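Data block for structure.csv (CSV, C-alpha atoms):
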chain,number,residue,atom,x,y,z
Y,29,MET,CA,27.7,-19.8,-47.4
Y,30,ILE,CA,29.3,-21.6,-44.4
Y,31,LYS,CA,30.1,-18.3,-42.8
Y,32,VAL,CA,26.5,-17.1,-43.3
Y,33,LEU,CA,25.2,-20.3,-41.7
Y,34,PHE,CA,27.7,-19.9,-38.7
Y,35,GLY,CA,26.6,-16.3,-38.4
Y,36,LEU,CA,22.9,-17.3,-38.3
Y,37,PHE,CA,23.7,-20.0,-35.8
Y,38,PHE,CA,25.5,-17.7,-33.4
Y,39,CYS,CA,22.7,-15.1,-33.7
Y,40,PHE,CA,20.2,-17.8,-32.8
Y,41,ILE,CA,22.3,-18.9,-29.8
Y,42,SER,CA,22.6,-15.3,-28.6
Y,43,PHE,CA,18.9,-14.7,-29.0
Y,44,PHE,CA,18.2,-17.9,-27.1
Y,45,ASN,CA,20.6,-17.0,-24.3
Y,46,LEU,CA,19.0,-13.6,-24.0
Y,47,PHE,CA,15.6,-15.1,-23.2
Y,48,ALA,CA,17.0,-18.0,-21.2
Y,49,LYS,CA,18.7,-15.6,-18.8
Y,50,GLU,CA,15.5,-13.5,-18.3
Y,51,ILE,CA,14.5,-13.6,-14.7
Y,52,ILE,CA,10.9,-13.8,-13.7
Y,53,LEU,CA,10.0,-11.7,-10.6
Y,54,LYS,CA,6.4,-12.1,-9.2
Y,55,VAL,CA,5.3,-9.2,-7.1
Y,56,GLY,CA,1.9,-8.9,-5.3
Y,57,ALA,CA,0.1,-5.6,-5.0
Y,58,THR,CA,-3.3,-4.0,-4.5
Y,59,PRO,CA,-4.6,-2.4,-7.7
Y,60,VAL,CA,-4.2,1.3,-6.8
Y,61,PRO,CA,-1.6,2.6,-6.6
Y,62,ALA,CA,0.8,-0.3,-6.1
Y,63,ALA,CA,-0.1,-2.3,-9.2
Y,64,GLU,CA,-0.1,0.8,-11.3
Y,65,ILE,CA,3.3,1.8,-10.0
Y,66,LEU,CA,4.7,-1.7,-10.7
Y,67,GLU,CA,3.2,-1.7,-14.2
Y,68,PHE,CA,5.1,1.5,-14.9
Y,69,ALA,CA,8.3,0.0,-13.6
Y,70,LYS,CA,7.9,-3.2,-15.7
Y,71,PRO,CA,9.6,-1.9,-18.9
Y,72,ILE,CA,12.4,-0.3,-16.9
Y,73,LEU,CA,13.1,-3.7,-15.2
Y,74,LYS,CA,12.9,-5.4,-18.6
Y,75,GLU,CA,16.1,-3.5,-19.6
Y,76,TYR,CA,17.9,-5.4,-16.8
Y,77,GLY,CA,16.6,-8.8,-17.9
Y,78,ILE,CA,13.9,-8.9,-15.3
Y,79,ASN,CA,10.3,-9.9,-16.4
Y,80,LEU,CA,8.1,-8.4,-13.7
Y,81,ILE,CA,4.8,-10.2,-13.2
Y,82,VAL,CA,2.4,-8.0,-11.2
Y,83,GLN,CA,-0.1,-10.1,-9.2
Y,84,SER,CA,-3.1,-7.9,-8.3
Y,85,PHE,CA,-5.0,-8.6,-5.0
Y,86,THR,CA,-8.1,-6.8,-3.8
Y,87,ASP,CA,-7.6,-7.3,0.0
Y,88,TYR,CA,-4.8,-6.8,2.5
Y,89,ILE,CA,-4.3,-10.4,3.7
Y,90,THR,CA,-3.9,-12.5,0.6
Y,91,PRO,CA,-0.7,-10.8,-0.7
Y,92,ASP,CA,1.2,-11.7,2.4
Y,93,VAL,CA,-0.2,-15.2,2.4
Y,94,ALA,CA,1.1,-15.6,-1.2
Y,95,LEU,CA,4.5,-14.1,-0.2
Y,96,ASN,CA,4.8,-16.4,2.7
Y,97,ASP,CA,4.0,-19.6,0.7
Y,98,GLY,CA,6.3,-18.6,-2.1
Y,99,SER,CA,3.6,-17.8,-4.7
Y,100,SER,CA,5.1,-14.2,-4.8
Y,101,ASP,CA,8.7,-13.1,-4.6
Y,102,ALA,CA,7.9,-9.7,-3.1
Y,103,ASN,CA,5.0,-7.4,-2.6
Y,104,LEU,CA,4.2,-3.7,-2.5
Y,105,TYR,CA,1.1,-2.5,-0.7
Y,106,GLN,CA,1.5,-2.4,3.1
Y,107,HIS,CA,3.2,-0.4,5.8
Y,108,LYS,CA,5.6,-1.9,8.3
Y,109,PRO,CA,3.2,-1.9,11.3
Y,110,PHE,CA,0.8,-4.0,9.3
Y,111,LEU,CA,3.6,-6.4,8.2
Y,112,ASP,CA,4.8,-6.7,11.9
Y,113,LYS,CA,1.3,-7.5,13.0
Y,114,ILE,CA,0.7,-10.2,10.4
Y,115,ASN,CA,4.1,-11.7,11.2
Y,116,LYS,CA,3.1,-11.9,14.9
Y,117,ASP,CA,-0.4,-13.2,14.3
Y,118,ARG,CA,0.4,-15.8,11.6
Y,119,GLY,CA,4.0,-16.7,12.3
Y,120,PHE,CA,5.1,-15.4,9.0
Y,121,GLN,CA,8.8,-14.4,8.4
Y,122,LEU,CA,8.3,-11.4,6.1
Y,123,VAL,CA,10.8,-8.6,5.9
Y,124,ALA,CA,10.3,-4.9,5.2
Y,125,MET,CA,12.8,-3.6,2.6
Y,126,LYS,CA,13.0,0.2,2.0
Y,127,PRO,CA,9.9,2.5,2.3
Y,128,ILE,CA,8.5,3.5,-1.1
Y,129,TYR,CA,5.5,5.8,-0.7
Y,130,ILE,CA,2.8,7.0,1.7
Y,131,VAL,CA,-1.0,6.3,1.1
Y,132,PRO,CA,-2.6,8.8,3.5
Y,133,LEU,CA,-5.7,7.8,5.6
Y,134,GLY,CA,-8.5,10.3,5.4
Y,135,PHE,CA,-11.9,11.1,6.9
Y,136,TYR,CA,-14.7,11.2,4.4
Y,137,SER,CA,-18.5,11.9,4.6
Y,138,LYS,CA,-21.2,12.2,2.0
Y,139,LYS,CA,-23.9,13.2,4.5
Y,140,TYR,CA,-22.1,16.2,6.1
Y,141,ARG,CA,-20.0,19.1,4.8
Y,142,SER,CA,-18.1,19.8,8.0
Y,143,LEU,CA,-17.1,18.2,11.2
Y,144,ASP,CA,-19.1,20.7,13.2
Y,145,ILE,CA,-22.4,19.4,12.0
Y,146,ILE,CA,-21.8,15.7,12.5
Y,147,PRO,CA,-24.3,14.8,15.2
Y,148,ASN,CA,-23.9,13.1,18.6
Y,149,GLY,CA,-24.1,9.4,18.3
Y,150,ALA,CA,-22.9,9.4,14.7
Y,151,THR,CA,-21.5,6.2,13.2
Y,152,ILE,CA,-18.0,6.3,11.7
Y,153,ALA,CA,-16.7,3.3,9.8
Y,154,LEU,CA,-13.1,2.2,10.2
Y,155,PRO,CA,-10.9,-0.4,8.5
Y,156,ASN,CA,-11.3,-3.7,10.2
Y,157,ASP,CA,-7.7,-4.9,10.0
Y,158,PRO,CA,-6.0,-4.3,13.3
Y,159,THR,CA,-3.2,-2.0,12.3
Y,160,ASN,CA,-5.3,0.3,10.1
Y,161,TYR,CA,-8.1,0.2,12.7
Y,162,SER,CA,-5.6,1.5,15.3
Y,163,ARG,CA,-4.2,4.0,12.8
Y,164,ALA,CA,-7.7,5.3,12.1
Y,165,LEU,CA,-8.3,5.9,15.9
Y,166,ILE,CA,-5.0,7.8,16.1
Y,167,LEU,CA,-6.0,10.0,13.2
Y,168,LEU,CA,-9.3,10.7,14.9
Y,169,HIS,CA,-7.4,11.6,18.1
Y,170,ASP,CA,-5.0,13.9,16.2
Y,171,ASN,CA,-8.0,15.8,14.9
Y,172,GLY,CA,-9.8,16.1,18.2
Y,173,ILE,CA,-12.7,13.7,17.5
Y,174,ILE,CA,-11.7,11.4,20.4
Y,175,LYS,CA,-8.9,11.3,22.9
Y,176,LEU,CA,-6.8,8.2,23.3
Y,177,ASN,CA,-4.9,7.3,26.5
Y,178,ASP,CA,-1.7,7.1,24.4
Y,179,SER,CA,-1.7,8.2,20.7
Y,180,ASN,CA,1.7,6.7,20.2
Y,181,ASN,CA,0.4,3.3,20.9
Y,182,LEU,CA,0.1,1.7,17.4
Y,183,ASP,CA,-2.1,-1.1,18.9
Y,184,SER,CA,-4.8,1.3,20.2
Y,185,THR,CA,-8.4,0.1,20.3
Y,186,GLU,CA,-11.7,1.5,21.4
Y,187,PHE,CA,-10.8,0.4,25.0
Y,188,ASP,CA,-8.0,3.0,24.9
Y,189,ILE,CA,-10.5,5.9,24.2
Y,190,VAL,CA,-10.6,8.1,27.3
Y,191,GLU,CA,-12.8,10.9,25.8
Y,192,ASN,CA,-15.6,10.7,23.2
Y,193,LYS,CA,-17.6,13.9,23.5
Y,194,LYS,CA,-19.9,13.2,20.6
Y,195,ASN,CA,-20.5,9.6,21.6
Y,196,ILE,CA,-19.3,8.4,18.3
Y,197,ARG,CA,-20.1,4.8,17.4
Y,198,PHE,CA,-17.5,2.8,15.4
Y,199,LYS,CA,-18.2,0.2,12.8
Y,200,GLN,CA,-15.4,-1.9,11.6
Y,201,VAL,CA,-15.5,-2.8,7.9
Y,202,GLU,CA,-13.2,-4.4,5.4
Y,203,ALA,CA,-11.0,-1.6,4.1
Y,204,ALA,CA,-11.9,-2.2,0.4
Y,205,MET,CA,-15.6,-1.9,1.2
Y,206,LEU,CA,-15.4,1.4,3.0
Y,207,PRO,CA,-16.1,3.6,-0.1
Y,208,LYS,CA,-19.0,1.4,-1.0
Y,209,ILE,CA,-20.7,1.7,2.4
Y,210,LEU,CA,-20.0,5.5,2.8
Y,211,ASP,CA,-23.6,6.4,2.0
Y,212,GLY,CA,-24.8,4.3,4.8
Y,213,VAL,CA,-22.8,5.8,7.6
Y,214,ASP,CA,-22.1,9.3,8.9
Y,215,GLY,CA,-18.4,9.2,8.0
Y,216,ALA,CA,-15.6,6.8,7.3
Y,217,ILE,CA,-11.8,6.6,7.6
Y,218,ILE,CA,-10.6,5.4,4.2
Y,219,ASN,CA,-7.2,4.4,2.8
Y,220,ALA,CA,-6.3,6.7,-0.2
Y,221,ASN,CA,-5.7,3.7,-2.4
Y,222,TYR,CA,-9.3,2.5,-2.1
Y,223,ALA,CA,-10.6,6.1,-2.2
Y,224,LEU,CA,-8.8,6.6,-5.6
Y,225,GLN,CA,-10.2,3.3,-6.9
Y,226,ALA,CA,-13.7,4.7,-6.0
Y,227,GLY,CA,-13.0,8.0,-7.9
Y,228,MET,CA,-12.7,9.9,-4.7
Y,229,SER,CA,-10.0,12.5,-4.0
Y,230,LEU,CA,-8.0,13.2,-0.8
Y,231,LYS,CA,-9.1,16.8,-1.4
Y,232,GLU,CA,-12.6,15.7,-0.4
Y,233,ALA,CA,-11.5,14.5,3.0
Y,234,PHE,CA,-12.2,16.6,6.0
Y,235,PHE,CA,-8.7,15.7,7.2
Y,236,TYR,CA,-5.9,13.2,6.4
Y,237,GLU,CA,-2.5,12.1,7.5
Y,238,SER,CA,0.6,14.2,6.7
Y,239,ASP,CA,3.8,12.9,5.1
Y,240,LYS,CA,5.2,12.5,8.7
Y,241,SER,CA,3.0,9.5,9.2
Y,242,ALA,CA,4.6,6.3,10.6
Y,243,TYR,CA,2.6,4.3,8.1
Y,244,VAL,CA,4.8,4.3,5.1
Y,245,ASN,CA,4.3,1.6,2.5
Y,246,VAL,CA,7.3,-0.7,2.0
Y,247,LEU,CA,8.6,-3.2,-0.4
Y,248,ALA,CA,8.4,-6.6,1.4
Y,249,THR,CA,9.9,-10.0,0.8
Y,250,LYS,CA,10.3,-13.3,2.7
Y,251,LYS,CA,13.2,-13.6,5.1
Y,252,GLY,CA,16.3,-14.9,3.3
Y,253,ASN,CA,15.4,-13.0,0.1
Y,254,GLU,CA,16.6,-9.6,1.2
Y,255,ASN,CA,19.7,-9.8,-0.9
Y,256,ASN,CA,18.1,-11.2,-4.0
Y,257,SER,CA,19.6,-9.2,-6.8
Y,258,SER,CA,16.3,-8.9,-8.7
Y,259,ILE,CA,14.4,-7.7,-5.7
Y,260,LEU,CA,17.2,-5.2,-4.9
Y,261,LYS,CA,17.0,-4.0,-8.5
Y,262,LEU,CA,13.2,-3.6,-8.2
Y,263,GLN,CA,13.8,-1.5,-5.0
Y,264,GLU,CA,16.3,0.6,-6.8
Y,265,VAL,CA,13.9,1.3,-9.7
Y,266,LEU,CA,11.0,2.1,-7.4
Y,267,LEU,CA,13.1,4.7,-5.6
Y,268,GLY,CA,14.5,6.1,-8.8
Y,269,ASP,CA,13.6,9.4,-10.5
Y,270,LYS,CA,11.4,7.9,-13.2
Y,271,VAL,CA,9.0,6.2,-10.7
Y,272,ARG,CA,9.0,9.2,-8.4
Y,273,GLU,CA,8.0,11.5,-11.2
Y,274,PHE,CA,5.3,9.0,-12.3
Y,275,ILE,CA,3.8,9.0,-8.8
Y,276,VAL,CA,3.9,12.8,-8.5
Y,277,LYS,CA,2.2,13.4,-11.9
Y,278,LYS,CA,-0.3,10.6,-11.8
Y,279,TYR,CA,-1.6,11.0,-8.3
Y,280,ASN,CA,-1.2,14.8,-7.9
Y,281,GLY,CA,-0.3,14.6,-4.2
Y,282,GLU,CA,-2.8,11.9,-3.3
Y,283,ILE,CA,0.1,9.4,-3.0
Y,284,ILE,CA,3.4,10.7,-1.7
Y,285,PRO,CA,6.7,9.2,-2.9
Y,286,ILE,CA,9.1,8.7,0.0
Y,287,SER,CA,11.9,10.6,-1.8
Y,288,LEU,CA,9.8,13.8,-1.5
Y,289,LYS,CA,9.5,13.6,2.3

Output the file's structure as structure tokens, nothing else.
Amino acid sequence: MIKVLFGLFFCFISFFNLFAKEIILKVGATPVPAAEILEFAKPILKEYGINLIVQSFTDYITPDVALNDGSSDANLYQHKPFLDKINKDRGFQLVAMKPIYIVPLGFYSKKYRSLDIIPNGATIALPNDPTNYSRALILLHDNGIIKLNDSNNLDSTEFDIVENKKNIRFKQVEAAMLPKILDGVDGAIINANYALQAGMSLKEAFFYESDKSAYVNVLATKKGNENNSSILKLQEVLLGDKVREFIVKKYNGEIIPISLK
């Protein structure tokens, strides 16, 4: 009887220690695809004693604010130029870890079926955050809609346009709202994550970024946490075969895992 009681006692202690040692890792993300990818990774991380809590945000600014103030341990949703810009503008000390996937930017229109028939003076909506705004202008340059003074300048603005044959007018809109206002403009440059949320496909875009884009989404954390074992394990899982296969199958080429570049 005593042996049985001791056995139960040690089982209880082992059970308690298992949960006591579980590490909570809070990671911010936009709903598609980042939060979906993280939800897929959650049970894999559980095997390593990491309880991944996915914090879903609907805009591009709040996840970095949460990361900077310690509400999040890491985040997954942004490319490095965006991270560099918010560090500069807000004095944050956020660090880009390894790149994970690419969310291509594409040109969409519901009013027209081809670029050729888009009229002079057309209005094209662009993301209003500075890095994706510049990125959209570079995409338009690369596809002959406008000509920039230097298409390698990741801080390009309308003042850097040296040729605009169709006198295109540009309307800056919050990135998440672009699919919703597409009916009211002649065209829009939309991030694939928001296009997917709206039930749109990259295949509907007139043109979009290739996998050679400089705007690769990275895992990010706050300076000083780069060597945190839980964050490093998350990075390892995100770059592993299981997550790569999930991205390929679920998004069918709409989102490109970095390992396939």

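Shortest atom-to-atom contact with Gly134 in chain Y among Y:Pro61, Y:Gly98, Y:Gly77, Y:Pro207: Y:Pro207, counting only C-alpha atoms.
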
Point to revise | One-decimal distance in Å that lies between CA of Ala204 in chain Y and CA of Ser238 in chain Y | key: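 Distance between the two atoms: 21.6 Å.
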
What's the 9 Å shell around Pro147 in chain Y, counting all atoms listed in the file, without same-chain residues fewer than 2 positions away, as a short mmCIF file (atom, residue, chain, number, x, y, z; two decimals) with C-alpha atoms, in the frame of the given file?
data_model
loop_
_atom_site.label_atom_id
_atom_site.label_comp_id
_atom_site.auth_asym_id
_atom_site.auth_seq_id
_atom_site.Cartn_x
_atom_site.Cartn_y
_atom_site.Cartn_z
CA LEU Y 143 -17.10 18.20 11.20
CA ASP Y 144 -19.10 20.70 13.20
CA ILE Y 145 -22.40 19.40 12.00
CA GLY Y 149 -24.10 9.40 18.30
CA ALA Y 150 -22.90 9.40 14.70
CA LYS Y 194 -19.90 13.20 20.60
CA ILE Y 196 -19.30 8.40 18.30
CA ASP Y 214 -22.10 9.30 8.90
#

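When the distance limit is 10 Å and all atoms listed in the file are what count, the residues near range 177-187 of chain Y, minus those fewer than 6 positions from it on the same chain, are Pro109, Phe110, Lys113, Pro158, Thr159, Asn160, Tyr161, Ser162, Arg163, Ala164, Leu165, Ile166, Leu167, Leu168, His169, Asp170, Arg197, Phe198, Ala242 and Tyr243 of chain Y.
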
Exercise for review: Quick one: everything within 12 Å of Leu122 in chain Y, counting all atoms listed in the file, minus sequence neighbours fewer than 2 positions away in the same chain. Send it as JSON, numbers by chain.
Suggested key: {"Y": [91, 92, 93, 94, 95, 96, 97, 98, 100, 101, 102, 103, 106, 108, 109, 110, 111, 112, 113, 114, 115, 116, 118, 119, 120, 124, 125, 246, 247, 248, 249, 250, 251, 252, 253, 254]}

Review point. If you measure from CA of Lys138 in chain Y to CA of Val213 in chain Y, what distance in Å do you get, rounded to one decimal?
Key: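 Computing the Euclidean distance for CA of Lys138 in chain Y and CA of Val213 in chain Y yields 8.7 Å.
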
Practice item. Might you pull out every residue within 7 Å of Val82 in chain Y, with only C-alpha atoms counted and same-chain residues fewer than 5 positions away left off, and present them as a list of chain:residue names? Key: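 Everything that qualifies: Y:Lys54, Y:Val55, Y:Gly56, Y:Ala63, Y:Leu66.
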
**Study point:** Option closest in space to Ala203 in chain Y, from Y:Pro132, Y:Gly172, Y:Gly215, Y:Pro155 [counting all atoms listed in the file]
**Key:** Y:Pro155

Practice item. Find the distance between CA of Asn192 in chain Y and CA of Leu206 in chain Y and write it in Å to one decimal. Key: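 Computed distance, CA of Asn192 in chain Y to CA of Leu206 in chain Y, equals 22.2 Å.
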
For the point (4.2, -0.1, -18.8) in the file's frame, write as a CSV table (one decimal) with C-alpha atoms, in the coordinates of the input all residues with an atom no more than 12 Å away, counting all atoms listed in the file.
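Here's the written file result32.csv:
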chain,number,residue,atom,x,y,z
Y,63,ALA,CA,-0.1,-2.3,-9.2
Y,64,GLU,CA,-0.1,0.8,-11.3
Y,65,ILE,CA,3.3,1.8,-10.0
Y,66,LEU,CA,4.7,-1.7,-10.7
Y,67,GLU,CA,3.2,-1.7,-14.2
Y,68,PHE,CA,5.1,1.5,-14.9
Y,69,ALA,CA,8.3,0.0,-13.6
Y,70,LYS,CA,7.9,-3.2,-15.7
Y,71,PRO,CA,9.6,-1.9,-18.9
Y,72,ILE,CA,12.4,-0.3,-16.9
Y,73,LEU,CA,13.1,-3.7,-15.2
Y,74,LYS,CA,12.9,-5.4,-18.6
Y,79,ASN,CA,10.3,-9.9,-16.4
Y,80,LEU,CA,8.1,-8.4,-13.7
Y,81,ILE,CA,4.8,-10.2,-13.2
Y,82,VAL,CA,2.4,-8.0,-11.2
Y,271,VAL,CA,9.0,6.2,-10.7
Y,274,PHE,CA,5.3,9.0,-12.3

Review point. Quick one: of Y:Leu154, Y:Leu53, Y:Ile78, Y:Ile174, who's nearest to Asn219 in chain Y, counting only C-alpha atoms?
Key: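 Of the candidates, the smallest distance to Asn219 in chain Y is held by Y:Leu154.
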
Review point. Of the residues Y:Ile283, Y:Ile152, Y:Ile209, Y:Leu133, which is the one nearest to Phe235 in chain Y, using all atoms listed in the file?
Key: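 Of Y:Ile283, Y:Ile152, Y:Ile209, Y:Leu133, the one nearest Phe235 in chain Y is Y:Leu133, counting all atoms listed in the file.
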
**Study point:** Polymer residues at most 7 Å from Ala233 in chain Y, all atoms listed in the file, same-chain spacing of 3 or more positions, as a ChimeraX atom specification
**Key:** /Y:134-136,230,236

Check your understanding: With only C-alpha atoms as the basis for distance, which of Y:Leu104, Y:Ile89, Y:Leu262, Y:Ala153 is at the shortest distance from Lys208 in chain Y?
Key -> Y:Ala153
